[in-house]
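**Student:** So here's input.cif, just mmCIF, C-alpha atoms and all ligand atoms:
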data_final
loop_
_atom_site.group_PDB
_atom_site.id
_atom_site.type_symbol
_atom_site.label_atom_id
_atom_site.label_comp_id
_atom_site.auth_asym_id
_atom_site.auth_seq_id
_atom_site.Cartn_x
_atom_site.Cartn_y
_atom_site.Cartn_z
ATOM 1 C CA MET M 6 15.577 7.020 -23.071
ATOM 2 C CA SER M 7 17.936 4.050 -22.825
ATOM 3 C CA ALA M 8 16.948 0.572 -21.698
ATOM 4 C CA ARG M 9 14.690 -0.291 -18.795
ATOM 5 C CA ILE M 10 15.119 -3.704 -17.153
ATOM 6 C CA SER M 11 12.634 -4.992 -14.621
ATOM 7 C CA VAL M 12 12.380 -8.315 -12.815
ATOM 8 C CA CYS M 13 9.075 -10.144 -13.231
ATOM 9 C CA GLN M 14 7.822 -13.569 -12.188
ATOM 10 C CA HIS M 15 6.183 -15.937 -14.645
ATOM 11 C CA ASN M 16 4.776 -18.727 -12.507
ATOM 12 C CA GLU M 17 7.878 -20.338 -10.935
ATOM 13 C CA LEU M 18 10.453 -18.538 -13.076
ATOM 14 C CA PRO M 19 12.046 -15.130 -12.394
ATOM 15 C CA CYS M 20 12.446 -13.276 -15.700
ATOM 16 C CA LEU M 21 13.873 -9.986 -16.930
ATOM 17 C CA GLN M 22 11.641 -7.687 -18.991
ATOM 18 C CA VAL M 23 13.937 -5.573 -21.158
ATOM 19 C CA THR M 24 12.500 -2.482 -22.835
ATOM 20 C CA HIS M 25 14.583 -0.360 -25.221
ATOM 21 C CA PRO M 26 13.430 2.215 -27.805
ATOM 22 C CA GLN M 27 14.664 -0.160 -30.525
ATOM 23 C CA GLY M 28 13.102 -3.360 -29.233
ATOM 24 C CA SER M 29 11.911 -5.390 -26.247
ATOM 25 C CA ALA M 30 12.668 -8.830 -24.876
ATOM 26 C CA LEU M 31 11.741 -11.186 -22.069
ATOM 27 C CA ILE M 32 14.531 -13.415 -20.706
ATOM 28 C CA ALA M 33 14.161 -16.166 -18.100
ATOM 29 C CA LEU M 34 17.052 -16.602 -15.670
ATOM 30 C CA GLN M 35 16.433 -20.335 -16.018
ATOM 31 C CA GLY M 36 18.477 -21.328 -19.023
ATOM 32 C CA ALA M 37 19.256 -17.637 -19.752
ATOM 33 C CA GLN M 38 16.426 -18.301 -22.192
ATOM 34 C CA VAL M 39 15.303 -15.473 -24.417
ATOM 35 C CA LEU M 40 11.532 -16.021 -24.422
ATOM 36 C CA GLU M 41 10.353 -13.045 -26.455
ATOM 37 C CA TYR M 42 11.940 -10.520 -28.809
ATOM 38 C CA THR M 43 10.061 -7.830 -30.709
ATOM 39 C CA PRO M 44 11.832 -5.046 -32.622
ATOM 40 C CA HIS M 45 10.097 -1.692 -32.291
ATOM 41 C CA GLY M 46 7.148 -1.416 -34.697
ATOM 42 C CA GLN M 47 7.353 -5.059 -35.818
ATOM 43 C CA GLN M 48 5.481 -8.312 -35.246
ATOM 44 C CA PRO M 49 7.188 -10.525 -32.628
ATOM 45 C CA VAL M 50 10.218 -12.323 -34.069
ATOM 46 C CA ILE M 51 10.546 -15.064 -31.438
ATOM 47 C CA TRP M 52 7.639 -17.444 -30.782
ATOM 48 C CA LEU M 53 6.568 -18.424 -27.255
ATOM 49 C CA SER M 54 3.846 -20.961 -26.581
ATOM 50 C CA GLU M 55 0.661 -19.605 -25.024
ATOM 51 C CA GLN M 56 0.748 -22.814 -22.985
ATOM 52 C CA ALA M 57 4.300 -22.261 -21.680
ATOM 53 C CA GLY M 58 4.339 -23.543 -18.102
ATOM 54 C CA PHE M 59 7.278 -21.533 -16.693
ATOM 55 C CA GLU M 60 8.030 -24.352 -14.259
ATOM 56 C CA ARG M 61 11.326 -24.708 -12.421
ATOM 57 C CA GLY M 62 13.459 -27.435 -13.938
ATOM 58 C CA GLN M 63 11.178 -27.840 -16.977
ATOM 59 C CA SER M 64 12.046 -26.517 -20.447
ATOM 60 C CA VAL M 65 9.868 -23.606 -21.581
ATOM 61 C CA ARG M 66 8.330 -24.234 -25.028
ATOM 62 C CA GLY M 67 9.521 -21.494 -27.332
ATOM 63 C CA GLY M 68 12.041 -18.701 -27.191
ATOM 64 C CA ILE M 69 15.701 -19.621 -27.700
ATOM 65 C CA PRO M 70 16.657 -22.592 -25.489
ATOM 66 C CA VAL M 71 20.411 -23.098 -25.075
ATOM 67 C CA CYS M 72 21.363 -26.675 -25.928
ATOM 68 C CA TRP M 73 24.743 -27.514 -24.290
ATOM 69 C CA PRO M 74 27.036 -29.494 -23.861
ATOM 70 C CA TRP M 75 25.151 -31.648 -26.360
ATOM 71 C CA PHE M 76 22.368 -31.198 -28.895
ATOM 72 C CA GLY M 77 19.366 -33.506 -29.179
ATOM 73 C CA ALA M 78 19.378 -37.016 -27.753
ATOM 74 C CA ALA M 79 22.679 -37.769 -25.938
ATOM 75 C CA ASP M 80 22.956 -41.182 -27.600
ATOM 76 C CA ARG M 81 22.795 -39.575 -31.049
ATOM 77 C CA ASN M 82 25.997 -37.651 -30.327
ATOM 78 C CA PRO M 83 29.544 -38.610 -31.361
ATOM 79 C CA PRO M 84 31.419 -40.938 -28.944
ATOM 80 C CA SER M 85 33.807 -38.091 -28.007
ATOM 81 C CA VAL M 86 30.787 -36.184 -26.643
ATOM 82 C CA ARG M 87 29.108 -39.195 -25.029
ATOM 83 C CA GLN M 88 32.295 -40.217 -23.176
ATOM 84 C CA LEU M 89 32.025 -37.032 -21.067
ATOM 85 C CA LEU M 90 28.498 -37.871 -19.899
ATOM 86 C CA PRO M 91 27.584 -40.078 -16.982
ATOM 87 C CA GLY M 92 25.813 -43.357 -17.657
ATOM 88 C CA GLY M 93 22.045 -43.610 -17.656
ATOM 89 C CA GLU M 94 19.267 -41.545 -19.185
ATOM 90 C CA GLN M 95 20.281 -37.979 -20.071
ATOM 91 C CA PRO M 96 17.851 -35.115 -20.831
ATOM 92 C CA ALA M 97 17.474 -33.990 -24.447
ATOM 93 C CA HIS M 98 19.577 -30.930 -25.344
ATOM 94 C CA GLY M 99 21.921 -31.004 -22.353
ATOM 95 C CA TRP M 100 21.959 -29.801 -18.777
ATOM 96 C CA VAL M 101 21.777 -26.012 -18.892
ATOM 97 C CA ARG M 102 18.433 -24.997 -20.446
ATOM 98 C CA ASN M 103 16.482 -26.113 -17.366
ATOM 99 C CA ALA M 104 18.931 -24.806 -14.734
ATOM 100 C CA PRO M 105 19.367 -21.345 -13.185
ATOM 101 C CA TRP M 106 21.930 -18.945 -14.649
ATOM 102 C CA VAL M 107 23.056 -15.643 -13.136
ATOM 103 C CA LEU M 108 22.995 -12.165 -14.673
ATOM 104 C CA ARG M 109 26.601 -10.985 -14.566
ATOM 105 C CA ARG M 110 26.645 -7.685 -16.481
ATOM 106 C CA VAL M 111 24.358 -5.118 -18.126
ATOM 107 C CA ASP M 112 25.770 -2.711 -20.732
ATOM 108 C CA PRO M 113 23.286 -0.033 -21.841
ATOM 109 C CA ALA M 114 24.173 1.839 -25.031
ATOM 110 C CA ALA M 115 22.388 4.319 -27.291
ATOM 111 C CA GLU M 116 21.118 1.757 -29.813
ATOM 112 C CA THR M 117 21.265 -1.466 -27.789
ATOM 113 C CA VAL M 118 21.469 -3.021 -24.353
ATOM 114 C CA THR M 119 23.635 -6.033 -23.645
ATOM 115 C CA LEU M 120 23.088 -8.551 -20.869
ATOM 116 C CA GLU M 121 25.682 -11.191 -19.985
ATOM 117 C CA PHE M 122 24.614 -14.364 -18.227
ATOM 118 C CA GLY M 123 26.897 -16.988 -16.671
ATOM 119 C CA PHE M 124 26.189 -20.590 -15.819
ATOM 120 C CA PRO M 125 27.292 -20.793 -12.183
ATOM 121 C CA HIS M 126 30.133 -23.161 -11.453
ATOM 122 C CA ARG M 127 28.493 -26.244 -10.103
ATOM 123 C CA ARG M 128 29.598 -29.718 -9.763
ATOM 124 C CA TRP M 129 29.172 -31.142 -13.229
ATOM 125 C CA PRO M 130 28.911 -34.933 -13.192
ATOM 126 C CA ALA M 131 32.382 -36.260 -12.367
ATOM 127 C CA THR M 132 32.844 -37.455 -15.972
ATOM 128 C CA PHE M 133 32.667 -33.848 -17.251
ATOM 129 C CA PRO M 134 35.613 -31.448 -16.857
ATOM 130 C CA GLU M 135 34.766 -29.264 -13.867
ATOM 131 C CA ASP M 136 36.424 -25.994 -14.760
ATOM 132 C CA VAL M 137 34.449 -24.979 -17.854
ATOM 133 C CA GLU M 138 33.138 -21.417 -18.140
ATOM 134 C CA LEU M 139 29.821 -20.993 -19.984
ATOM 135 C CA THR M 140 28.509 -17.520 -20.855
ATOM 136 C CA LEU M 141 25.585 -16.235 -22.924
ATOM 137 C CA THR M 142 25.689 -12.628 -24.097
ATOM 138 C CA VAL M 143 22.401 -11.178 -25.383
ATOM 139 C CA THR M 144 22.269 -7.826 -27.182
ATOM 140 C CA ILE M 145 18.847 -6.285 -27.760
ATOM 141 C CA GLY M 146 18.102 -3.456 -30.164
ATOM 142 C CA ALA M 147 16.728 -3.232 -33.677
ATOM 143 C CA GLN M 148 18.355 -6.658 -34.028
ATOM 144 C CA LEU M 149 18.892 -9.492 -31.552
ATOM 145 C CA SER M 150 22.368 -10.941 -31.091
ATOM 146 C CA LEU M 151 23.377 -13.910 -28.991
ATOM 147 C CA CYS M 152 26.841 -15.287 -28.313
ATOM 148 C CA LEU M 153 27.262 -18.577 -26.451
ATOM 149 C CA SER M 154 30.846 -18.823 -25.224
ATOM 150 C CA THR M 155 32.580 -21.852 -23.751
ATOM 151 C CA HIS M 156 36.026 -21.508 -22.156
ATOM 152 C CA ASN M 157 37.750 -24.768 -21.294
ATOM 153 C CA ARG M 158 39.729 -23.863 -18.179
ATOM 154 C CA SER M 159 40.186 -27.544 -17.326
ATOM 155 C CA SER M 160 43.193 -29.756 -18.013
ATOM 156 C CA LYS M 161 41.133 -32.123 -20.176
ATOM 157 C CA ASN M 162 40.097 -32.061 -23.837
ATOM 158 C CA LEU M 163 36.431 -31.139 -24.191
ATOM 159 C CA THR M 164 34.193 -32.105 -27.098
ATOM 160 C CA LEU M 165 30.700 -30.655 -27.288
ATOM 161 C CA THR M 166 27.761 -30.129 -29.582
ATOM 162 C CA GLN M 167 25.511 -27.117 -29.040
ATOM 163 C CA ALA M 168 22.670 -25.053 -30.462
ATOM 164 C CA LEU M 169 20.735 -21.848 -30.053
ATOM 165 C CA HIS M 170 17.370 -23.556 -30.526
ATOM 166 C CA SER M 171 15.467 -20.555 -31.868
ATOM 167 C CA TYR M 172 11.671 -20.724 -32.260
ATOM 168 C CA PHE M 173 10.571 -18.081 -34.763
ATOM 169 C CA ALA M 174 7.090 -16.563 -35.088
ATOM 170 C CA VAL M 175 5.651 -16.847 -38.609
ATOM 171 C CA SER M 176 2.340 -15.783 -40.171
ATOM 172 C CA ASP M 177 1.487 -19.312 -41.324
ATOM 173 C CA VAL M 178 4.017 -22.012 -42.089
ATOM 174 C CA ASP M 179 2.230 -22.492 -45.452
ATOM 175 C CA GLN M 180 3.359 -18.963 -46.370
ATOM 176 C CA VAL M 181 6.977 -19.525 -45.416
ATOM 177 C CA ARG M 182 10.131 -20.816 -47.082
ATOM 178 C CA VAL M 183 13.689 -21.005 -45.766
ATOM 179 C CA GLY M 184 16.424 -19.688 -48.024
ATOM 180 C CA GLY M 185 20.193 -19.969 -47.773
ATOM 181 C CA LEU M 186 20.328 -23.767 -47.517
ATOM 182 C CA GLU M 187 20.206 -24.531 -51.229
ATOM 183 C CA GLN M 188 22.404 -27.484 -52.259
ATOM 184 C CA LYS M 189 23.415 -28.133 -48.649
ATOM 185 C CA THR M 190 23.564 -31.695 -47.342
ATOM 186 C CA TYR M 191 21.074 -32.427 -44.614
ATOM 187 C CA VAL M 192 20.375 -35.315 -42.276
ATOM 188 C CA ASP M 193 16.697 -36.178 -42.336
ATOM 189 C CA THR M 194 16.091 -37.380 -38.769
ATOM 190 C CA LEU M 195 12.631 -38.562 -39.814
ATOM 191 C CA ALA M 196 14.006 -40.860 -42.543
ATOM 192 C CA GLN M 197 16.495 -43.040 -40.657
ATOM 193 C CA TRP M 198 18.916 -40.122 -40.487
ATOM 194 C CA GLU M 199 19.569 -40.449 -44.235
ATOM 195 C CA ARG M 200 21.713 -37.749 -45.839
ATOM 196 C CA ARG M 201 20.097 -35.822 -48.676
ATOM 197 C CA THR M 202 20.744 -32.636 -50.664
ATOM 198 C CA GLN M 203 18.490 -29.607 -50.382
ATOM 199 C CA ALA M 204 16.945 -28.688 -53.732
ATOM 200 C CA GLY M 205 15.925 -25.036 -53.758
ATOM 201 C CA SER M 206 14.539 -23.255 -50.723
ATOM 202 C CA VAL M 207 12.965 -25.265 -47.894
ATOM 203 C CA ALA M 208 9.165 -25.533 -47.869
ATOM 204 C CA ILE M 209 7.383 -26.870 -44.790
ATOM 205 C CA ASN M 210 4.528 -29.154 -45.812
ATOM 206 C CA ALA M 211 4.871 -32.004 -43.294
ATOM 207 C CA GLU M 212 6.719 -32.742 -40.043
ATOM 208 C CA THR M 213 10.227 -31.510 -40.701
ATOM 209 C CA ASP M 214 13.327 -32.232 -38.617
ATOM 210 C CA ARG M 215 16.543 -31.735 -40.583
ATOM 211 C CA ILE M 216 20.156 -31.067 -39.622
ATOM 212 C CA TYR M 217 21.846 -29.082 -42.400
ATOM 213 C CA LEU M 218 25.618 -29.384 -42.615
ATOM 214 C CA GLY M 219 28.286 -27.074 -44.000
ATOM 215 C CA THR M 220 26.055 -24.016 -43.533
ATOM 216 C CA ARG M 221 28.057 -20.825 -43.556
ATOM 217 C CA ASP M 222 26.181 -17.883 -45.036
ATOM 218 C CA GLY M 223 23.017 -16.160 -43.811
ATOM 219 C CA ILE M 224 19.806 -18.173 -43.617
ATOM 220 C CA GLU M 225 16.473 -16.438 -44.207
ATOM 221 C CA ILE M 226 12.917 -17.244 -43.177
ATOM 222 C CA ILE M 227 10.936 -15.754 -46.062
ATOM 223 C CA ASP M 228 7.437 -15.025 -44.742
ATOM 224 C CA SER M 229 5.140 -13.868 -47.533
ATOM 225 C CA GLY M 230 2.187 -13.734 -45.121
ATOM 226 C CA TRP M 231 3.773 -10.992 -43.033
ATOM 227 C CA ARG M 232 5.788 -9.691 -46.017
ATOM 228 C CA ARG M 233 9.055 -9.918 -44.143
ATOM 229 C CA ARG M 234 12.218 -11.913 -44.003
ATOM 230 C CA ILE M 235 13.884 -12.955 -40.753
ATOM 231 C CA ARG M 236 17.605 -13.141 -41.461
ATOM 232 C CA ILE M 237 19.817 -15.287 -39.244
ATOM 233 C CA GLU M 238 23.520 -14.515 -39.539
ATOM 234 C CA SER M 239 25.881 -16.754 -37.644
ATOM 235 C CA LYS M 240 29.574 -17.156 -36.895
ATOM 236 C CA HIS M 241 31.381 -20.329 -35.864
ATOM 237 C CA SER M 242 28.382 -22.473 -36.764
ATOM 238 C CA ALA M 243 28.406 -24.894 -39.675
ATOM 239 C CA SER M 244 25.163 -26.679 -38.931
ATOM 240 C CA ALA M 245 21.577 -25.511 -38.854
ATOM 241 C CA VAL M 246 18.478 -27.373 -37.710
ATOM 242 C CA VAL M 247 15.084 -26.778 -39.338
ATOM 243 C CA TRP M 248 12.204 -28.145 -37.305
ATOM 244 C CA ASN M 249 8.439 -27.981 -37.456
ATOM 245 C CA PRO M 250 6.419 -30.669 -35.631
ATOM 246 C CA TRP M 251 3.381 -30.336 -37.955
ATOM 247 C CA ILE M 252 -0.009 -31.624 -36.822
ATOM 248 C CA ASP M 253 0.459 -35.045 -35.207
ATOM 249 C CA LYS M 254 3.795 -34.430 -33.416
ATOM 250 C CA GLY M 255 2.427 -31.041 -32.350
ATOM 251 C CA LYS M 256 -0.416 -32.812 -30.527
ATOM 252 C CA ARG M 257 2.159 -34.920 -28.635
ATOM 253 C CA LEU M 258 4.349 -32.021 -27.576
ATOM 254 C CA SER M 259 4.145 -30.501 -24.103
ATOM 255 C CA GLN M 260 3.053 -26.866 -23.738
ATOM 256 C CA PHE M 261 1.982 -26.775 -27.387
ATOM 257 C CA PRO M 262 -1.547 -25.770 -28.573
ATOM 258 C CA ASP M 263 -2.935 -27.990 -31.344
ATOM 259 C CA GLU M 264 -2.716 -25.316 -34.042
ATOM 260 C CA ALA M 265 0.585 -23.797 -32.889
ATOM 261 C CA TRP M 266 2.565 -25.742 -35.562
ATOM 262 C CA ARG M 267 1.203 -23.251 -38.108
ATOM 263 C CA ARG M 268 2.668 -20.228 -36.335
ATOM 264 C CA MET M 269 6.180 -21.320 -35.444
ATOM 265 C CA LEU M 270 9.322 -22.562 -37.141
ATOM 266 C CA CYS M 271 12.622 -23.488 -35.555
ATOM 267 C CA VAL M 272 15.773 -22.525 -37.443
ATOM 268 C CA GLU M 273 18.596 -23.312 -35.057
ATOM 269 C CA THR M 274 22.174 -22.072 -35.101
ATOM 270 C CA ALA M 275 24.275 -25.063 -34.144
ATOM 271 C CA ASN M 276 27.440 -27.114 -34.020
ATOM 272 C CA VAL M 277 26.286 -30.724 -34.325
ATOM 273 C CA LEU M 278 27.537 -34.036 -35.816
ATOM 274 C CA GLU M 279 30.735 -33.387 -37.779
ATOM 275 C CA ASP M 280 30.544 -29.714 -36.796
ATOM 276 C CA ARG M 281 31.147 -30.667 -33.136
ATOM 277 C CA VAL M 282 33.520 -28.435 -31.182
ATOM 278 C CA GLU M 283 36.780 -29.747 -29.752
ATOM 279 C CA LEU M 284 38.445 -27.577 -27.112
ATOM 280 C CA ALA M 285 41.913 -28.324 -25.803
ATOM 281 C CA PRO M 286 42.730 -27.048 -22.307
ATOM 282 C CA GLY M 287 42.638 -23.231 -22.390
ATOM 283 C CA ASP M 288 40.662 -23.045 -25.670
ATOM 284 C CA SER M 289 37.389 -21.155 -26.131
ATOM 285 C CA CYS M 290 34.579 -21.236 -28.690
ATOM 286 C CA HIS M 291 31.843 -18.720 -29.471
ATOM 287 C CA LEU M 292 28.571 -19.604 -31.187
ATOM 288 C CA ASP M 293 27.149 -16.352 -32.576
ATOM 289 C CA ALA M 294 23.722 -15.614 -34.030
ATOM 290 C CA ARG M 295 22.443 -12.249 -35.214
ATOM 291 C CA ILE M 296 18.713 -12.051 -35.959
ATOM 292 C CA LEU M 297 17.187 -9.187 -37.919
ATOM 293 C CA VAL M 298 13.986 -8.428 -39.804
ATOM 294 C CA VAL M 299 13.818 -7.107 -43.381
ATOM 295 C CA ASN M 300 10.371 -5.881 -44.442
ATOM 296 C CA ASP M 301 9.502 -6.617 -48.085
HETATM 297 O O1 LIG X 1 15.793 -29.270 -32.751
HETATM 298 C C1 LIG X 1 14.847 -30.205 -33.179
HETATM 299 C C2 LIG X 1 14.553 -31.165 -32.047
HETATM 300 O O2 LIG X 1 15.682 -31.917 -31.709
HETATM 301 C C3 LIG X 1 13.359 -32.028 -32.462
HETATM 302 O O3 LIG X 1 13.764 -33.346 -32.749
HETATM 303 C C4 LIG X 1 12.405 -31.921 -31.250
HETATM 304 O O4 LIG X 1 12.698 -32.927 -30.308
HETATM 305 C C5 LIG X 1 12.743 -30.505 -30.769
HETATM 306 O O5 LIG X 1 14.162 -30.440 -30.853
HETATM 307 C C6 LIG X 1 12.159 -30.113 -29.424
HETATM 308 O O6 LIG X 1 12.850 -30.737 -28.407
HETATM 309 P P1 LIG X 1 12.316 -30.468 -26.901
HETATM 310 O O7 LIG X 1 13.162 -31.357 -26.050
HETATM 311 O O8 LIG X 1 12.515 -29.008 -26.602
HETATM 312 O O9 LIG X 1 10.838 -30.822 -26.925
#
Could you write out this structure as structure tokens?
**Tutor:**
Amino acid sequence: MSARISVCQHNELPCLQVTHPQGSALIALQGAQVLEYTPHGQQPVIWLSEQAGFERGQSVRGGIPVCWPWFGAADRNPPSVRQLLPGGEQPAHGWVRNAPWVLRRVDPAAETVTLEFGFPHRRWPATFPEDVELTLTVTIGAQLSLCLSTHNRSSKNLTLTQALHSYFAVSDVDQVRVGGLEQKTYVDTLAQWERRTQAGSVAINAETDRIYLGTRDGIEIIDSGWRRRIRIESKHSASAVVWNPWIDKGKRLSQFPDEAWRRMLCVETANVLEDRVELAPGDSCHLDARILVVND
């Protein structure tokens, strides 16, 4: 049997339920957002809030939101990114995670199935180059691969920051550490954006919101509770964001049960701050993440 893809409705959002012998996934057409991914015979890898609202135009808490053409708060981005945005309040994490994408292509194969989504050409705000092609390719199998591609078909230089804002399911954040970031510089957004150096693996024992810089090799979520490691391999990304809201911030978050902070951890594959992407006319960039489980 190869893949089976069915359309389903979650409240206001049309989604695709993808079932393959090697793994299953749920993807919302809004934001081309992977909401669930479970390799065959494993615990879920991607976390989705039980209180997710699936409302049109509202971000869905969990899954892998696509942050583009900027990451985080617009005013925290470099001037070369901000100059392409219109004045006034801008949503966190860009324009595309809360907007409808279209499914362009499905490629079934023996071990995987690939779905390609495009962000339909629409009138960006006048300050943003109009002819920019944005594509997300999702490959589902025993592993999950995503590739976010930007092709600058305009005549202007384009600078962007971006992230695959992955929420991972963990047994209990007390039982988890993040490896692969040792000795990396990070920006602690909870300590006046001070830059610090990571000593050893990352333990989560309070609200954590860090942007790691110069990350190249694989990052691992080491989950001793479920005796597994979730390995995140990336290409063309030199920044990674580690985020857990902990107790108090968790209570202030939308679509987020009070105890959910224990069962999720964001490790995001990104190009932010000095890792921003600069595309001359005709240039393209591809932000790749490959997610796999290793049982210990
Ligand atoms: O990636 C970490 C972060 O920027 C946190 O600061 C927090 O705001 C999180 O993203 C969630 O953002 P959201 O807009 O999805 O609630």
**Student:** Once 5 Å is added on each side, what are the centre and the three edge lengths, in Å to one decimal, of the axis-aligned box enclosing the listed atoms of region 194-211 of chain M? Present them as AutoDock Vina command-line options.
**Tutor:**
--center_x 13.1 --center_y -33.1 --center_z -46.3 --size_x 27.2 --size_y 29.8 --size_z 25.0
**Student:** Which residues match the PyMOL selection byres (((not hetatm)) within 7 of (chain X and resi 1)) in the file above, as a list in words?
**Tutor:** Ser64, Arg66, Gly77, Ala97, His98, His170, Asp214, Val246, Trp248, Leu258 and Glu273 of chain M
**Student:** Give me a file of those residues, with C-alpha atoms, as a compact mmCIF listing (two decimals), keeping the file's coordinate frame.
**Tutor:**
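Final file, selection_28.txt:
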# COMPACT_ATOMS: atom_id res chain seq x y z
CA SER M 64 12.05 -26.52 -20.45
CA ARG M 66 8.33 -24.23 -25.03
CA GLY M 77 19.37 -33.51 -29.18
CA ALA M 97 17.47 -33.99 -24.45
CA HIS M 98 19.58 -30.93 -25.34
CA HIS M 170 17.37 -23.56 -30.53
CA ASP M 214 13.33 -32.23 -38.62
CA VAL M 246 18.48 -27.37 -37.71
CA TRP M 248 12.20 -28.14 -37.30
CA LEU M 258 4.35 -32.02 -27.58
CA GLU M 273 18.60 -23.31 -35.06
**Student:** Write out as an MDAnalysis selection string which residues come within 7 Å of Gly287 (chain M) when counting only C-alpha atoms, dropping same-chain ones fewer than 2 positions away.
**Tutor:** chainID M and resid 156:158 285 289
**Student:** Evaluate the PyMOL selection byres (((chain M and resi 45) around 7) and not hetatm) here and jot the selected residues down as a list in words.
**Tutor:**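 Matching residues under the PyMOL selection byres (((chain M and resi 45) around 7) and not hetatm) are Pro26, Gln27, Gly28, Thr43, Pro44, Gly46, Gln47 and Ala147 of chain M.
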**Student:** How many Å separate CA of Cys20 (chain M) from CA of Cys271 (chain M)?
**Tutor:**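 Computing it gives 22.3 Å between the two atoms.
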